[in-house]
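Working notes for the structure below.
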There are 4 protein chains.
Amino acid sequence: MGTVISAAVLSAPGASMEVQRFQRPQLEPGAILLKTLGSEVCGTDVHLAKGQLAGVPYPIIPGHVSVGVIDEIGDGDPVLDVDGRPLAPGQVVTFLDVYGTCGRCWYCTVAHATTRCPSRLVYGVTLSAHEGLLGGWSEYIYLRPGVHIVPLPPELDWRAFLAAGCGMPTALHAVSLGDVQFGDTVLVQGAGPVGLSAAVLAQLRGAGQVIVVGGPEVRLSAARRFGADATIDIAATTEQERLAAVRELTHGRGADVTIEATGVPAAVPEGMRLTRDAGRYVVVGQYTDVGDASLNPHLDLNQKHLDVRGCWGSDVGHVYRSVQVMAKYSEQFPWTELISAEYDLAHTQDALDDVAAQRVVKALIVP
Amino acid sequence: MGTVISAAVLSAPGASMEVQRFQRPQLEPGAILLKTLGSEVCGTDVHLAKGQLAGVPYPIIPGHVSVGVIDEIGDGDPVLDVDGRPLAPGQVVTFLDVYGTCGRCWYCTVAHATTRCPSRLVYGVTLSAHEGLLGGWSEYIYLRPGVHIVPLPPELDWRAFLAAGCGMPTALHAVSLGDVQFGDTVLVQGAGPVGLSAAVLAQLRGAGQVIVVGGPEVRLSAARRFGADATIDIAATTEQERLAAVRELTHGRGADVTIEATGVPAAVPEGMRLTRDAGRYVVVGQYTDVGDASLNPHLDLNQKHLDVRGCWGSDVGHVYRSVQVMAKYSEQFPWTELISAEYDLAHTQDALDDVAAQRVVKALIVP
Amino acid sequence: MGTVISAAVLSAPGASMEVQRFQRPQLEPGAILLKTLGSEVCGTDVHLAKGQLAGVPYPIIPGHVSVGVIDEIGDGDPVLDVDGRPLAPGQVVTFLDVYGTCGRCWYCTVAHATTRCPSRLVYGVTLSAHEGLLGGWSEYIYLRPGVHIVPLPPELDWRAFLAAGCGMPTALHAVSLGDVQFGDTVLVQGAGPVGLSAAVLAQLRGAGQVIVVGGPEVRLSAARRFGADATIDIAATTEQERLAAVRELTHGRGADVTIEATGVPAAVPEGMRLTRDAGRYVVVGQYTDVGDASLNPHLDLNQKHLDVRGCWGSDVGHVYRSVQVMAKYSEQFPWTELISAEYDLAHTQDALDDVAAQRVVKALIVP
Amino acid sequence: MGTVISAAVLSAPGASMEVQRFQRPQLEPGAILLKTLGSEVCGTDVHLAKGQLAGVPYPIIPGHVSVGVIDEIGDGDPVLDVDGRPLAPGQVVTFLDVYGTCGRCWYCTVAHATTRCPSRLVYGVTLSAHEGLLGGWSEYIYLRPGVHIVPLPPELDWRAFLAAGCGMPTALHAVSLGDVQFGDTVLVQGAGPVGLSAAVLAQLRGAGQVIVVGGPEVRLSAARRFGADATIDIAATTEQERLAAVRELTHGRGADVTIEATGVPAAVPEGMRLTRDAGRYVVVGQYTDVGDASLNPHLDLNQKHLDVRGCWGSDVGHVYRSVQVMAKYSEQFPWTELISAEYDLAHTQDALDDVAAQRVVKALIVP
């Protein structure tokens with residue numbers, strides 16, 4: 001095993017990706033060094049490259065959802081996976097990108113709202129390359145003591161897991177909040193990674209009908225291959241037409257559950273209206289502040305008796321459960337088809353450009 | 001028992017109230033004739049007088065929350081109260097103003113969202129005086145077969161019950177949706193009848209702190225007598241000051257649960273911001289359409305991980321439970337103090353004028 | 001259309017089934033006459049034949065889950081399906097066997113526990129042949145006004161629907177109560193119709209692993225074809241071995257959710273022990289009183305922090321949702337394979353005998 | 001401040017309490033030394049003295065619910081209370097007796113069942129006197145880094161807090177699980193500390209009626225002073241009489257919610273029968289294994305559609321919420337009346353004897 005490690009570094013907002021060399025780290029007790037198999041490229045990485053997120057300690061090594069092989073384990077007590085089993089070199093694992101949830105603050109202990117814990121840091125996003133190999137676009141990833149590690153079962157192809165990527169635990173959180181009942185009509189706004197995963201997971205809650213509103217056609221076509229019963233092209237319809245189409249499919253009522261996964265503020269009032277009275281509406285796609293939206297509190301909330309649930313972040317359980325679900329049902333859903341291209345460390349800038357231009361559905365970094 | 005019955009009639013939007021005489025009705029099987037003890041005057045009656053509600057079949061006899069003594073019972077099988085006990089002449093009872101929930105439609109049977117059943121009609125609001133004595137501002141009220149009847153226990157003064165009025169089941173529905181946990185800070189926006197009942201009911205969920213934002217001072221003072229720990233005068237503060245004040249009272253977090261009972265669209269985004277991350281926000285006060293409001297989906301919903309719950313209407317359980325709660329706790333809360341004035345049938349116009357001008361806190365019609 | 005109708009009648013406990021002839025009934029307004037396509041034979045019918053259920057008004061026409069074609073509709077207002085659409089002759093429909101839920105009693109209106117409404121009657125079980133064609137083992141079925149009717153979508157084969165039979169809405173109710181989370185291990189006790197449906201529905205809640213404990217092997221084999229990851233033969237193992245096997249499959253913890261569908265009292269304490277601490281245990285199989293069971297409240301309930309949920313009966317939503325779910329996912333699950341034999345009206349006794357002797361997995365009556 | 005500290009030590013099961021002297025400890029960073037104001041004597045301490053609990057590392061300093069004044073704070077970063085505020089010498093605080101919940105295991109992170117975390121240790125119960133001043137019957141208590149600390153607000157008398165004692169967070173957990181709805185009838189089995197707190201908390205969920213079944217009369221009388229509407233003496237009635245009495249009080253239905261707080265196995269099947277169909281039954285009193293109980297799965301669970309919820313342990317939120325609730329409502333409930341006697345460190349054996357003999361309602365150790 002070599003002593004020099006290559007990683008792709010984003011040194012500042014707007015800078016080009018460059019490969020840098022790091023010394024192989026000494027492991028503290030409880031730490032693990034992972035030899036990277038692959039790491040996801042997601043929309044967040046484009047935001048990072050453009051400097052659209054606050055609080056990012058550039059330079060960083062991007063890549064927050066990754067899979068690797070355990071290469072070395074720090075001395076001391078065994079390091080355990082989430083199920084409490086000791087980990088061993090050679091295992092193929094993923095890990096929760098969120099690091100440092102304190103387990104002690106009021107949000108963690110009283111509100112049980114762990115995704116609002118103020119101590120959270122995120123591999124590949126809010127941990128600096130000065131502090132170590134703390135992102136996935138790297139030959140090796142340094143897992144600090146306390147990182148939550150989940151082995152991938154043999155029946156789950158690591159490429160399939162990365163093809164779903166961070167959209168999967170995000171969607172799993174959102175669909176769980178949506179409280180889907182057997183036979184419900186679930187409408188998904190947005191056909192990106194979160195939307196596609198939501199469309200799949202709706203079926204794994206027994207939805208009777210899944211409708212995806214989004215675009216472009218290549219993504220809507222993927223949604224149909226993943227089991228969506230109907231798709232509506234956002235670019236080819238007016239809001240009024242979409243409302244009419246959804247009503248037509250739902251006996252005039254609207255969707256029982258709607259999952260917003262667009263990032264567009266105007267989608268929120270539209271989503272309320274696409275949902276039936278007394279339905280549930282989960283807002284998970286508004287990751288960044290791109291402005292306000294206007295709604296009618298009487299019609300859209302009160303008289304409608306609507307539940308609206310904002311959904312932020314993922315936690316250990318979401319990643320753990322994503323792995324279990326993908327292991328059992330991945331044959332049913334052709335995740336790996338979504339991978340348009342794989343890039344090595346020398347071409348991570350191309351990956352970012354292709355994702356930003358929507359030239360690819362899913363891109364992986366394979367060091 | 002006389003054969004001519006006086007009732008106060010609102011013949012058209014904008015018309016003055018006038019007393020009219022009706023023949024005592026023949027009772028069909030399952031019906032009950034109630035001799036009215038009293039009936040509430042509420043904000044809805046002012047809306048009715050001004051013609052601000054759609055679908056009202058004028059002329060109407062107003063009065064949707066009422067108490068009376070059973071005067072006569074139709075032939076046939078015994079008429080049962082909600083508990084299944086046969087009713088008898090002489091009993092003091094109230095009834096659910098909502099009549100005709102079908103129990104068969106999709107909303108009733110599949111969604112279990114009975115307050116969205118399209119068959120609902122409301123005594124004193126959407127039932128015409130041409131059809132009978134179907135409102136409470138009348139010497140007698142005709143309870144059609146199927147009306148849900150709840151006897152008042154002897155320990156519950158009927159004036160106390162009417163002083164709380166329809167604000168009580170409305171607030172009971174809203175506070176139930178708010179999912180208050182022991183020790184939570186509950187913030188109530190609005191100090192009218194719904195807001196005051198919400199402030200009381202928050203304490204009957206074990207709230208650790210109750211904050212009321214509203215006005216005028218006479219209502220805030222009532223809120224404090226009913227147990228509010230802090231009140232904030234909406235007229236004397238800016239939104240920024242209210243936000244700062246609530247944060248100060250909640251370790252910087254905001255309220256765990258907020259109940260909106262204002263009717264003002266701008267209260268909705270403000271209420272979201274007054275609520276803590278991962279808290280619950282119930283919107284119950286937006287009864288009529290008075291315009292839009294603007295919010296930031298990223299900050300106010302998604303990142304905030306906020307639950308927003310629109311709350312529409314009341315049902316049998318809300319009235320039944322209101323009676324049980326008021327019977328046990330009415331000594332603790334001085335409801336009858338809220339009654340500013342009582343009016344006979346000849347003065348119902350004065351009652352409307354006084355309520356519209358906020359010259360009274362609570363007005364009763366006592367025929 | 002003829003004026004004489006044949007139906008299979010069970011005249012008394014212990015009697016043999018016999019075909020009797022009935023006059024074609026005059027339809028009252030709101031009623032529907034259904035030409036039967038098929039009707040299920042289930043374990044309840046064996047109980048009925050043996051006189052093991054209380055309150056049965058013999059003679060009865062058995063058959064509580066049935067599918068038919070609308071033959072005639074009573075005069076008057078259109079008759080609506082659960083979605084509110086007018087029904088028309090020629091439509092293929094099923095209906096909720098439970099008739100007469102009152103919608104007015106305390107259980108219906110306050111507790112929202114409609115399956116505990118004391119007014120419920122059941123087609124094929126608690127409605128007498130003296131009152132009409134109120135069971136499915138008949139050429140025609142008389143649907144009284146108010147029966148809840150659900151059309152079968154064209155993509156749902158009526159044989160598949162009957163192959164699942166009343167086990168499907170029963171299991172749907174139970175699995176819903178089980179509150180399955182994505183990736184959970186769901187253990188099903190019992191491999192009969194309810195158990196098989198529960199095993200399927202667990203997957204339609206995103207279970208990560210499904211374990212079925214039961215027998216005989218033909219049923220366990222069906223369970224595996226329907227997606228069970230592991231089966232345990234109840235006849236070939238001790239309780240201790242089953243506990244060890246389940247622990248082995250669940251990192252030592254036990255199942256997250258267990259669904260009891262056996263009818264054997266001793267299964268209940270065993271099921272508690274097969275479930276992990278703080279898991280959910282749904283008891284749905286104990287339909288008749290066949291004795292007591294002993295458990296340890298400290299170990300099995302309190303320290304275990306276990307949720308145990310008794311589950312009784314089905315309601316409109318369960319049947320409606322069953323139809324939606326089977327329409328979307330029936331290709332995935334080979335329901336019709338379960339049908340071992342079909343019997344005409346002259347051979348319903350053979351059907352009962354074969355079901356009682358477990359010579360068949362699923363038997364249908366096809367008049 | 002002295003360098004020698006006295007504490008009451010239980011050296012082995014069956015031994016008499018004795019006062020021992022300890023050196024004042026050096027504080028590690030994050031630790032706090034508390035000067036004890038008082039500590040509770042509870043039934044668990046009697047179990048400890050008799051050796052009825054497994055896994056106790058004798059010798060121990062008993063006392064798991066305690067209040068003290070912060071005397072000294074370890075060097076380093078500020079130590080924060082549960083709300084995140086820095087703590088300072090002189091503050092009056094309590095703390096969660098459970099220490100060491102790991103926040104990392106599957107139960108903590110995936111199941112969110114923190115009271116089943118296997119790493120939990122308990123002050124005064126499972127921490128040895130060899131390890132330090134880790135129990136409340138001591139002049140000083142050593143709070144290790146990570147102990148969850150909650151300041152008592154000035155309006156909350158520390159004696160009132162200890163009079164409620166560990167019964168309060170235990171009952172708060174149980175009543176929360178009971179999902180009490182406004183106006184519900186709540187029945188409490190047991191009139192000890194957990195039962196009395198449950199009777200109070202039921203009212204702080206808006207129960208319409210509270211019934212306490214237990215004894216002896218001195219405790220039932222306390223229950224009535226704390227707001228119970230009816231009490232039933234367990235010693236003076238048969239199970240059949242108790243069932244009849246509860247049915248009489250509940251329109252023949254049984255309690256909506258029952259909280260078991262007895263420790264007697266036979267109470268569990270009885271409690272199921274005292275609860276209405278589709279009600280909730282929380283089992284919180286079965287702390288130790290004292291044998292089995294027999295029930296009828298058909299009648300008591302399945303047909304009854306009953307929810308049974310085992311409830312184990314308390315967590316940060318339960319103690320935090322107990323403090324908030326007691327601070328707001330302690331004037332309403334006369335907690336300090338429950339204190340029969342206070343004992344200094346030299347008389348802790350007397351305290352144990354008096355509690356074991358039920359000569360006192362509540363005993364405090366005041367060093």
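Every chain in the structure tokens takes a letter, A first, then B, and so on in the order presented; its residues are numbered from 1, and the ligands are numbered from 1 following the presented order.
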Val9 (chain D) surroundings by only C-alpha atoms, 8 Å radius, close-in-sequence under 3 positions cut, as a PyMOL selection string: chain D and resi 17-20+59-62+129
Contact set, chain A to chain D: 9 Å, only C-alpha atoms, as a ChimeraX atom specification: /A:80-84,102-107,109-112,146,148,315-318,320-321
Given the selection you just returned, output its residues as a file containing C-alpha atoms, formatted as a short mmCIF file (atom, residue, chain, number, x, y, z; two decimals), in the first residue's frame.
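What landed in part08.cif:
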data_model
loop_
_atom_site.label_atom_id
_atom_site.label_comp_id
_atom_site.auth_asym_id
_atom_site.auth_seq_id
_atom_site.Cartn_x
_atom_site.Cartn_y
_atom_site.Cartn_z
CA LEU A 80 -18.42 -1.41 14.73
CA ASP A 81 -20.87 -1.01 11.92
CA VAL A 82 -24.37 0.35 12.56
CA ASP A 83 -25.59 -3.14 13.41
CA GLY A 84 -22.87 -3.48 16.05
CA CYS A 102 -23.78 15.54 18.88
CA GLY A 103 -26.41 13.36 20.52
CA ARG A 104 -26.45 15.83 23.41
CA CYS A 105 -28.10 19.06 22.31
CA TRP A 106 -31.77 19.91 22.77
CA TYR A 107 -32.54 19.06 19.14
CA THR A 109 -32.25 14.66 22.87
CA VAL A 110 -35.55 16.45 23.47
CA ALA A 111 -36.93 17.27 20.02
CA HIS A 112 -35.50 14.09 18.43
CA GLY A 146 -17.70 7.94 15.06
CA HIS A 148 -21.58 5.68 10.86
CA ASP A 315 -29.61 10.57 9.23
CA VAL A 316 -28.15 7.19 10.09
CA GLY A 317 -31.44 5.40 9.76
CA HIS A 318 -32.10 6.79 6.31
CA TYR A 320 -29.11 2.17 6.78
CA ARG A 321 -32.63 1.66 5.50
#
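Our summary of the geometry notes that CA of Leu220 (chain C) is positioned 6.4 Å from CA of Ala191 (chain C).
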Counting only C-alpha atoms, the residue of B:Ala113, B:Leu10, B:Ala54, B:Leu34 that sits nearest Leu87 (chain B):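 Looking only at the distances to Leu87 (chain B), the closest residue turns out to be B:Leu34.
Using only C-alpha atoms, the contacts of Asp157 (chain B) at a cut-off of 9 Å, with sequence neighbours closer than 4 positions omitted, comprise Leu152, Pro153, Phe161, Leu162, Ala327, Ser330 and Thr336 of chain B.
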Strand (DSSP E) residues, from DSSP on the backbone, in region 63-256 of chain D, as an MDAnalysis selection string: chainID D and resid 66:73 92:95 98:99 121:122 140:143 149:151 185:189 209:214 230:233 255:256
Gly208 (chain A) environment, 6 Å, only C-alpha atoms, sequence neighbours closer than 4 positions dropped, as a ChimeraX atom specification: /A:183-185 /C:324-325,328
For the residues in the current selection, export C-alpha atoms as a short mmCIF file (atom, residue, chain, number, x, y, z; two decimals), in the first residue's frame.
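Contents of selection_11.cif, freshly written:
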data_model
loop_
_atom_site.label_atom_id
_atom_site.label_comp_id
_atom_site.auth_asym_id
_atom_site.auth_seq_id
_atom_site.Cartn_x
_atom_site.Cartn_y
_atom_site.Cartn_z
CA GLY A 183 -53.30 2.34 -2.79
CA ASP A 184 -52.62 6.08 -2.53
CA THR A 185 -51.87 8.16 -5.56
CA GLN C 324 -55.92 -0.35 -5.96
CA VAL C 325 -52.89 -2.28 -4.74
CA LYS C 328 -51.01 -2.09 -9.77
#
Expected answer as a ChimeraX atom specification: alpha helix (DSSP H) residues in region 82-298 of chain B: /B:106-109,158-164,167-178,193-203,217-225,239-249,267-274
Close residues, region 192-199 of chain B itself excluded, 8 Å, only C-alpha atoms, min 6 positions apart in chain, as a short mmCIF file (atom, residue, chain, number, x, y, z; two decimals) with N, CA, C and O atoms, in the first residue's frame:
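File produced: part_18.cif:
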data_model
loop_
_atom_site.label_atom_id
_atom_site.label_comp_id
_atom_site.auth_asym_id
_atom_site.auth_seq_id
_atom_site.Cartn_x
_atom_site.Cartn_y
_atom_site.Cartn_z
N ALA B 164 -67.61 29.86 25.58
CA ALA B 164 -66.52 29.30 24.77
C ALA B 164 -66.99 29.19 23.32
O ALA B 164 -66.27 29.54 22.39
N GLY B 165 -68.21 28.69 23.15
CA GLY B 165 -68.84 28.72 21.83
C GLY B 165 -68.14 27.86 20.81
O GLY B 165 -67.44 26.89 21.15
N CYS B 166 -68.33 28.21 19.53
CA CYS B 166 -67.78 27.35 18.49
C CYS B 166 -66.27 27.47 18.41
O CYS B 166 -65.60 26.69 17.74
N GLY B 167 -65.72 28.46 19.14
CA GLY B 167 -64.27 28.54 19.21
C GLY B 167 -63.66 27.33 19.91
O GLY B 167 -62.52 26.95 19.62
N MET B 168 -64.41 26.72 20.81
CA MET B 168 -63.87 25.60 21.58
C MET B 168 -63.66 24.35 20.71
O MET B 168 -62.54 23.83 20.64
N THR B 170 -63.45 24.17 17.56
CA THR B 170 -62.50 24.55 16.52
C THR B 170 -61.07 24.50 17.07
O THR B 170 -60.16 23.93 16.46
N ALA B 171 -60.89 25.07 18.25
CA ALA B 171 -59.56 25.07 18.86
C ALA B 171 -59.16 23.66 19.28
O ALA B 171 -57.99 23.28 19.18
N LEU B 172 -60.13 22.89 19.73
CA LEU B 172 -59.82 21.51 20.14
C LEU B 172 -59.29 20.71 18.95
O LEU B 172 -58.34 19.93 19.07
N ALA B 174 -57.79 22.02 16.35
CA ALA B 174 -56.48 22.58 15.98
C ALA B 174 -55.40 22.15 16.96
O ALA B 174 -54.30 21.73 16.55
N VAL B 175 -55.68 22.23 18.24
CA VAL B 175 -54.66 21.88 19.23
C VAL B 175 -54.35 20.37 19.15
O VAL B 175 -53.21 19.95 19.30
N VAL B 186 -46.24 26.58 23.57
CA VAL B 186 -47.29 26.74 22.55
C VAL B 186 -47.54 28.23 22.36
O VAL B 186 -47.81 28.95 23.32
N VAL B 210 -47.25 29.11 27.54
CA VAL B 210 -48.23 29.53 26.53
C VAL B 210 -48.03 31.02 26.26
O VAL B 210 -48.03 31.83 27.19
N ILE B 211 -47.83 31.32 25.00
CA ILE B 211 -47.63 32.71 24.58
C ILE B 211 -48.77 33.07 23.63
O ILE B 211 -49.06 32.31 22.71
N VAL B 212 -49.41 34.22 23.87
CA VAL B 212 -50.47 34.67 22.97
C VAL B 212 -50.03 35.96 22.32
O VAL B 212 -49.66 36.92 23.00
N ARG B 219 -58.42 41.65 25.43
CA ARG B 219 -58.35 40.22 25.12
C ARG B 219 -57.05 39.60 25.64
O ARG B 219 -57.04 38.46 26.09
N ALA B 222 -57.54 38.94 29.16
CA ALA B 222 -58.32 37.71 29.34
C ALA B 222 -57.42 36.49 29.14
O ALA B 222 -57.48 35.52 29.90
N ALA B 223 -56.54 36.56 28.15
CA ALA B 223 -55.63 35.43 27.90
C ALA B 223 -54.77 35.15 29.12
O ALA B 223 -54.56 34.00 29.50
N PHE B 226 -56.64 33.45 31.72
CA PHE B 226 -56.84 32.04 31.33
C PHE B 226 -55.54 31.26 31.32
O PHE B 226 -55.49 30.14 30.84
N GLY B 227 -54.47 31.86 31.83
CA GLY B 227 -53.26 31.07 32.04
C GLY B 227 -52.12 31.32 31.09
O GLY B 227 -51.08 30.66 31.19
N ALA B 228 -52.27 32.23 30.13
CA ALA B 228 -51.14 32.52 29.24
C ALA B 228 -49.98 33.08 30.06
O ALA B 228 -50.17 33.92 30.93
N ILE B 259 -50.30 27.88 16.95
CA ILE B 259 -51.68 27.76 16.46
C ILE B 259 -52.07 29.12 15.89
O ILE B 259 -52.13 30.12 16.61
N GLU B 260 -52.35 29.15 14.60
CA GLU B 260 -52.77 30.40 13.95
C GLU B 260 -54.27 30.53 14.05
O GLU B 260 -55.00 29.65 13.60
N ALA B 261 -54.74 31.65 14.65
CA ALA B 261 -56.18 31.89 14.79
C ALA B 261 -56.49 33.35 14.55
O ALA B 261 -57.11 34.01 15.38
N THR B 262 -56.04 33.84 13.39
CA THR B 262 -56.15 35.28 13.14
C THR B 262 -57.03 35.65 11.96
O THR B 262 -57.67 36.69 11.97
N GLY B 285 -57.17 29.69 11.39
CA GLY B 285 -57.93 30.93 11.41
C GLY B 285 -58.28 31.50 10.05
O GLY B 285 -58.97 32.52 9.97
#
A:Gly206, A:Pro86, A:Gly63, A:Gly43 ranked by distance to Ser322 (chain C), top pick (using only C-alpha atoms): A:Gly206
Shortest interatomic distance to Val41 (chain C) - which of C:Val366, C:Leu352, C:Ala244, C:Val4, counting only C-alpha atoms: C:Leu352
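Excluding Ile141 (chain D) and any residue on its chain fewer than 6 positions from it, the residues at most 8 Å away by only C-alpha atoms are Leu33, Leu34, Lys35, Thr36, Leu133, Leu134 and Gly135 of chain D.
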Which of A:Gly132, A:Ala255, A:Phe182, A:Pro154 sits closest to Val323 (chain C) [using only C-alpha atoms]: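 For Val323 (chain C), the nearest of the candidates is A:Phe182.
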Nearby residues (only C-alpha atoms) at most 8 Å from Ile5 (chain B), same-chain spacing under 5 positions excluded, as a list in words: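 Returned residues: Arg21, Phe22, Gln23, Arg24, Ser138, Glu139 and Tyr140 of chain B.
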